[in-house]
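Reading through the structure tokens given below for one structure.
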Amino acid sequence: MFTKYFLNLAAKGNHNYSDKDVRERIGYTAGLVGVFVNLLLSILKLAVGLTTSSIAVTADAFNNLSDTASSIMTVIGFKLSNVPPDKEHPYGHGRIEYLTALMIAFMVILVGFKFVKSSVDRIINPKVIVFQVIPFILLVISISLKIWLSIFNRKLGNKISSAALQATATDALGDVIITSVVAFSLLLSLFTNYPIDGYIGILVSTFILYSGFSLVKETVSHLIGKAPDKDLIDELMDEILSYDYILGAHDLIVHNYGPGKVMATIDVEIPFDIDVVTIHDIIDQAERELSERFNLHLVIHMDPVGFQSKETVEIMNKIKNRIKKDEFIKSMHDFNIIEQNDNKVVVFHVVVDGNKIDRQFSGEKYKEELAEIIKGINSALDCDIIVDTEY
């Protein structure tokens with residue numbers, strides 16, 4: 001109920017969640033809610049930790065304090081990521097959101113390492129934990145709040161495809177586990193005098209570190225260049241092939257410059273004898289419509305196909321027969337013989353399945369093998385073979 005309320009409050013009736021203004025308002029709302037909840041929890045847990053002399057509870061309190069700082073960074077990150085493109089950054093500043101998520105992850109890791117040290121110190125110098133009902137109830141309440149906060153950030157993060165909010169949701173879920181373990185350790189103090197607090201602190205710190213490193217892995221994947229969603233690729237290919245005179249499509253490349261800032265390029269095959277103005281209008285229409293439908297900027301390159309000489313067909317068939325023997329070859333396209341500097345050049349692309357090759361595979365050596373087949377047919381032919389890898 002509260003999640004829906006905050007979502008509607010931020011969206012202001014506009015449910016186009018890819019709109020940059022809507023994304024920014026939702027990001028602000030999530031960040032401010034996170035600041036309030038985490039600050040409240042850190043104060044409550046710090047009071048509980050000091051009252052019960054529990055290092056595990058105190059560690060959890062400072063973990064929530066770092067979450068407060070993370071929420072502040074989320075707000076700042078959304079503001080900076082929506083700065084318009086400029087001369088130095090013509091594709092915008094969307095990746096700042098990923099950097100924000102990365103900084104949140106590093107803060108989580110820092111807190112984890114800090115309390116590993118504190119927990120080891122507590123094992124060496126144990127203290128008696130004093131169980132009290134009210135502090136225990138406060139921990140149970142904090143668990144409920146963190147469960148809601150995780151769901152809240154997950155839903156909002158999914159709505160606007162935000163890595164920062166999804167990272168915050170994962171962190172909050174980790175906090176639920178941490179606080180549950182801490183509450184359990186307080187409960188155990190009723191039944192044993194064994195100094196388990198330090199060991200529980202180690203366990204809590206381990207959860208914190210695991211959460212932090214998981215967030216780093218996910219965020220770095222976006223920064224390096226994560227593979228586009230398979231459903232997006234399949235849907236985009238199907239839509240492109242639905243346009244008149246487009247016979248085939250290949251070499252789809254998707255560039256992600258941050259949430260809602262995606263560029264894509266693709267090659268399409270068209271009849272070699274079609275009127276230039278006609279096909280230009282169709283391609284222009286496809287670029288406009290698909291860019292709007294998939295919320296990206298699409299650029300389409302045209303490859304004329306159709307007419308092939310007897311020599312071209314002979315060479316193409318021999319190459320096809322050769323690559324059929326290799327399970328790692330997915331397809332071949334753009335096969336042609338062109339005139340270049342008074343020489344004939346055989347040009348084509350071979351697509352390799354990256355999941356079926358090992359590190360020993362050499363694209364250069366494979367091109368040499370195919371070139372030898374072509375030279376065997378006509379030694380005067382030059383070759384320009386491109387090996388593409390798809391996953």
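Please note that chains go A, B, ... in the order of the structure tokens, that every chain numbers its residues from 1, and that ligands are numbered from 1 in the order shown.
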
TODO: For His333 of chain A, please output as an MDAnalysis selection string all residues within 12 Å (counting only C-alpha atoms; exclusion window: fewer than 5 positions along the same chain).
DONE: chainID A and resid 248:251 267:269 303:305 316 319:320 347:352 385:388

Could you give me, as JSON lines, a per-residue list for segment 192-252 of chain A showing, wherever an atom lies at most 12 Å from an atom of segment 55-62 of chain A, the closest pair of atoms and their distance in Å to one decimal, using only C-alpha atoms and sorting by chain then residue number from low to high?
```
{"residue": "A:Pro195", "atom": "CA", "partner": "A:Ile55", "partner_atom": "CA", "distance": 11.2}
{"residue": "A:Ile196", "atom": "CA", "partner": "A:Ala56", "partner_atom": "CA", "distance": 9.7}
{"residue": "A:Asp197", "atom": "CA", "partner": "A:Ala56", "partner_atom": "CA", "distance": 6.2}
{"residue": "A:Gly198", "atom": "CA", "partner": "A:Ile55", "partner_atom": "CA", "distance": 6.9}
{"residue": "A:Tyr199", "atom": "CA", "partner": "A:Ala56", "partner_atom": "CA", "distance": 8.7}
{"residue": "A:Ile200", "atom": "CA", "partner": "A:Ala56", "partner_atom": "CA", "distance": 6.3}
{"residue": "A:Gly201", "atom": "CA", "partner": "A:Ala56", "partner_atom": "CA", "distance": 4.4}
{"residue": "A:Ile202", "atom": "CA", "partner": "A:Ala56", "partner_atom": "CA", "distance": 8.2}
{"residue": "A:Leu203", "atom": "CA", "partner": "A:Ala56", "partner_atom": "CA", "distance": 9.0}
{"residue": "A:Val204", "atom": "CA", "partner": "A:Ala56", "partner_atom": "CA", "distance": 7.1}
{"residue": "A:Ser205", "atom": "CA", "partner": "A:Ala59", "partner_atom": "CA", "distance": 8.0}
{"residue": "A:Thr206", "atom": "CA", "partner": "A:Ala59", "partner_atom": "CA", "distance": 11.7}
{"residue": "A:Phe207", "atom": "CA", "partner": "A:Asp60", "partner_atom": "CA", "distance": 10.9}
{"residue": "A:Ile208", "atom": "CA", "partner": "A:Asp60", "partner_atom": "CA", "distance": 9.3}
```

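On the backbone of this structure, DSSP gives strand (DSSP E or B) within segment 54-279 of chain A to A:Gly248, A:Ala249, A:His250, A:Asp251, A:Leu252, A:Ile253, A:Val254, A:His255, A:Asn256, A:Val262, A:Met263, A:Ala264, A:Thr265, A:Ile266, A:Asp267, A:Val268, A:Glu269, A:Ile270, A:Pro271.
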
Could you turn the residues from that selection into a file that holds N, CA and C atoms, as a PDB file, in the first residue's frame?
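Contents of the output file again.pdb:
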```pdb
ATOM      1  N   GLY A 248      16.419  -9.742 -44.469  1.00  0.00           N
ATOM      2  CA  GLY A 248      17.142 -10.364 -43.358  1.00  0.00           C
ATOM      3  C   GLY A 248      17.809  -9.297 -42.517  1.00  0.00           C
ATOM      4  N   ALA A 249      18.303  -9.696 -41.363  1.00  0.00           N
ATOM      5  CA  ALA A 249      18.970  -8.744 -40.467  1.00  0.00           C
ATOM      6  C   ALA A 249      20.075  -9.452 -39.699  1.00  0.00           C
ATOM      7  N   HIS A 250      21.157  -8.732 -39.426  1.00  0.00           N
ATOM      8  CA  HIS A 250      22.284  -9.313 -38.692  1.00  0.00           C
ATOM      9  C   HIS A 250      23.117  -8.186 -38.066  1.00  0.00           C
ATOM     10  N   ASP A 251      24.134  -8.604 -37.312  1.00  0.00           N
ATOM     11  CA  ASP A 251      25.079  -7.655 -36.683  1.00  0.00           C
ATOM     12  C   ASP A 251      24.378  -6.601 -35.824  1.00  0.00           C
ATOM     13  N   LEU A 252      23.446  -7.059 -34.986  1.00  0.00           N
ATOM     14  CA  LEU A 252      22.802  -6.141 -34.045  1.00  0.00           C
ATOM     15  C   LEU A 252      23.768  -5.849 -32.894  1.00  0.00           C
ATOM     16  N   ILE A 253      24.073  -4.583 -32.691  1.00  0.00           N
ATOM     17  CA  ILE A 253      24.963  -4.161 -31.602  1.00  0.00           C
ATOM     18  C   ILE A 253      24.211  -3.162 -30.729  1.00  0.00           C
ATOM     19  N   VAL A 254      24.198  -3.416 -29.423  1.00  0.00           N
ATOM     20  CA  VAL A 254      23.482  -2.554 -28.481  1.00  0.00           C
ATOM     21  C   VAL A 254      24.481  -1.907 -27.525  1.00  0.00           C
ATOM     22  N   HIS A 255      24.446  -0.580 -27.445  1.00  0.00           N
ATOM     23  CA  HIS A 255      25.328   0.176 -26.552  1.00  0.00           C
ATOM     24  C   HIS A 255      24.484   0.782 -25.433  1.00  0.00           C
ATOM     25  N   ASN A 256      24.871   0.521 -24.190  1.00  0.00           N
ATOM     26  CA  ASN A 256      24.130   1.040 -23.042  1.00  0.00           C
ATOM     27  C   ASN A 256      24.926   2.169 -22.383  1.00  0.00           C
ATOM     28  N   VAL A 262      20.010   4.089 -24.449  1.00  0.00           N
ATOM     29  CA  VAL A 262      20.507   2.936 -25.205  1.00  0.00           C
ATOM     30  C   VAL A 262      20.565   3.270 -26.688  1.00  0.00           C
ATOM     31  N   MET A 263      21.671   2.885 -27.339  1.00  0.00           N
ATOM     32  CA  MET A 263      21.817   3.040 -28.784  1.00  0.00           C
ATOM     33  C   MET A 263      22.005   1.659 -29.400  1.00  0.00           C
ATOM     34  N   ALA A 264      21.462   1.462 -30.592  1.00  0.00           N
ATOM     35  CA  ALA A 264      21.593   0.171 -31.270  1.00  0.00           C
ATOM     36  C   ALA A 264      21.847   0.390 -32.751  1.00  0.00           C
ATOM     37  N   THR A 265      22.670  -0.485 -33.332  1.00  0.00           N
ATOM     38  CA  THR A 265      22.905  -0.471 -34.780  1.00  0.00           C
ATOM     39  C   THR A 265      22.655  -1.874 -35.315  1.00  0.00           C
ATOM     40  N   ILE A 266      22.175  -1.951 -36.550  1.00  0.00           N
ATOM     41  CA  ILE A 266      21.903  -3.252 -37.153  1.00  0.00           C
ATOM     42  C   ILE A 266      22.035  -3.152 -38.666  1.00  0.00           C
ATOM     43  N   ASP A 267      22.463  -4.242 -39.293  1.00  0.00           N
ATOM     44  CA  ASP A 267      22.528  -4.334 -40.751  1.00  0.00           C
ATOM     45  C   ASP A 267      21.302  -5.093 -41.245  1.00  0.00           C
ATOM     46  N   VAL A 268      20.640  -4.560 -42.278  1.00  0.00           N
ATOM     47  CA  VAL A 268      19.502  -5.270 -42.871  1.00  0.00           C
ATOM     48  C   VAL A 268      19.785  -5.530 -44.349  1.00  0.00           C
ATOM     49  N   GLU A 269      19.281  -6.657 -44.835  1.00  0.00           N
ATOM     50  CA  GLU A 269      19.460  -7.030 -46.240  1.00  0.00           C
ATOM     51  C   GLU A 269      18.247  -6.576 -47.037  1.00  0.00           C
ATOM     52  N   ILE A 270      18.518  -5.910 -48.159  1.00  0.00           N
ATOM     53  CA  ILE A 270      17.450  -5.390 -49.013  1.00  0.00           C
ATOM     54  C   ILE A 270      17.701  -5.837 -50.449  1.00  0.00           C
ATOM     55  N   PRO A 271      16.665  -5.889 -51.313  1.00  0.00           N
ATOM     56  CA  PRO A 271      16.872  -6.244 -52.720  1.00  0.00           C
ATOM     57  C   PRO A 271      17.826  -5.261 -53.402  1.00  0.00           C
TER      58      PRO A 271
END
```

Open item on the list: Neighbouring residues of segment 17-22 of chain A were defined as those with any atom within 9 Å, considering only C-alpha atoms; residues of the same chain fewer than 4 positions away were excluded. Please report them as a list in words.
Closed with: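 That gives Ala10, Ala11, Lys12, Ile26, Gly27, Asn82, Lys159, Ile160, Ser161, Pro259, Gly260 and Asn295 of chain A.
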
Expected file contents, prior selection, C-alpha atoms, as a tab-separated table (two decimals), in the first residue's frame:
```tsv
chain	number	residue	atom	x	y	z
A	10	ALA	CA	6.59	10.48	-7.44
A	11	ALA	CA	5.13	9.69	-10.88
A	12	LYS	CA	2.46	12.43	-10.59
A	26	ILE	CA	11.08	8.15	-8.34
A	27	GLY	CA	14.81	7.95	-7.59
A	82	ASN	CA	20.00	13.25	-15.56
A	159	LYS	CA	9.74	0.01	-12.71
A	160	ILE	CA	12.50	2.38	-13.83
A	161	SER	CA	15.24	-0.24	-14.53
A	259	PRO	CA	19.19	3.45	-17.88
A	260	GLY	CA	16.99	4.79	-20.65
A	295	ASN	CA	13.05	3.32	-25.96
```

- [ ] Kindly indicate which residue among A:Thr52, A:Leu190, A:Val37, A:His297 lies nearest to Ile143 of chain A, using only C-alpha atoms for the distances.
- [x] A:Val37

TODO: Pick out the residues sitting within 12 Å of segment 374-380 of chain A, and hand them over as a list in words; count only C-alpha atoms, and ignore anything fewer than 4 positions along from it in its own chain.
DONE: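 My reading of the contact set: Glu311, Thr312, Val313, Glu314, Ile315, Met316, Asn317, Lys318, Ile319, Lys320, Arg322, Ile337, Asp342, Asn343, Lys344, Val345, Val346, Val347, Phe348, Lys367, Glu368, Glu369, Leu370, Asp384 and Ile385 of chain A.
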
Excluding Thr68 of chain A and its own-chain neighbours fewer than 4 positions away, which residues fall within 10 Å of it when counting only C-alpha atoms? Please give them as a CSV table (one decimal) with C-alpha atoms, in the first residue's frame.
```csv
chain,number,residue,atom,x,y,z
A,31,GLY,CA,16.4,7.8,-1.7
A,32,LEU,CA,14.6,10.1,0.7
A,33,VAL,CA,12.5,7.2,2.1
A,34,GLY,CA,15.8,5.2,2.5
A,35,VAL,CA,17.5,8.1,4.4
A,36,PHE,CA,14.6,8.4,6.8
A,37,VAL,CA,14.1,4.6,7.5
A,38,ASN,CA,17.8,3.8,7.7
A,39,LEU,CA,18.6,6.8,10.0
A,40,LEU,CA,15.7,5.8,12.3
A,41,LEU,CA,16.9,2.2,12.4
A,42,SER,CA,20.6,3.1,13.0
A,62,PHE,CA,26.6,1.2,11.8
A,63,ASN,CA,25.6,-0.9,8.8
A,64,ASN,CA,22.3,1.0,8.7
A,72,ILE,CA,21.9,10.1,0.1
A,73,MET,CA,24.3,9.0,-2.7
A,74,THR,CA,21.3,7.5,-4.5
```

Open item on the list: Would you pick out the contacts of Leu165 of chain A at 9 Å or less, using only C-alpha atoms, so that residues sharing its chain but fewer than 4 positions from it are not included, and give the list as number ranges by chain?
Closed with: A: 27, 30-31, 74, 101, 153-158, 161, 169-170

Open item on the list: Applying 10 Å and only C-alpha atoms, which residues near Phe184 of chain A remain after dropping the ones on its own chain fewer than 4 positions away? List them as number ranges by chain.
Closed with: A: 136, 139, 178-180, 188-189, 200

Write the residues you've just listed into a file as a tab-separated table (two decimals), in the first residue's frame, and include N, CA and C atoms for each of them.
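That gives us result_10.tsv:
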```
chain	number	residue	atom	x	y	z
A	136	PHE	N	14.80	-6.10	22.21
A	136	PHE	CA	14.55	-7.24	21.32
A	136	PHE	C	13.37	-6.93	20.39
A	139	LEU	N	14.32	-4.68	17.60
A	139	LEU	CA	15.02	-5.38	16.51
A	139	LEU	C	14.02	-6.07	15.59
A	178	ILE	N	20.90	-10.19	8.39
A	178	ILE	CA	21.84	-9.77	9.44
A	178	ILE	C	21.12	-9.51	10.76
A	179	THR	N	20.07	-8.69	10.70
A	179	THR	CA	19.35	-8.32	11.93
A	179	THR	C	18.66	-9.53	12.55
A	180	SER	N	18.18	-10.45	11.70
A	180	SER	CA	17.55	-11.67	12.20
A	180	SER	C	18.54	-12.51	13.00
A	188	LEU	N	19.48	-16.11	22.34
A	188	LEU	CA	20.31	-17.21	22.86
A	188	LEU	C	20.99	-16.85	24.18
A	189	SER	N	21.22	-15.55	24.40
A	189	SER	CA	21.89	-15.14	25.63
A	189	SER	C	21.06	-15.46	26.88
A	200	ILE	N	28.81	-14.22	16.41
A	200	ILE	CA	27.66	-13.73	15.64
A	200	ILE	C	28.06	-12.48	14.85
```

Task: Pick from A:Asp234, A:Asp67, A:Asp244, A:Glu327 nearest to Asp281 of chain A, counting only C-alpha atoms - done: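 Looking at the shortest contact to Asp281 of chain A, the residue is A:Asp244.
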
TODO: Taking the DSSP assignment computed from this structure's backbone, write out as a PyMOL selection string all residues of segment 13-174 of chain A that belong to alpha helix (DSSP H).
DONE: chain A and resi 20-52+55-81+96-124+133-160+163-174

Task: Atom-to-atom span, atom CA of Thr100 of chain A and atom CA of Ala164 of chain A, Å - done: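 Between these atoms lies a distance of 6.6 Å.
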
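Atom CA of Gly225 of chain A is found 22.6 Å from atom CA of Lys330 of chain A.
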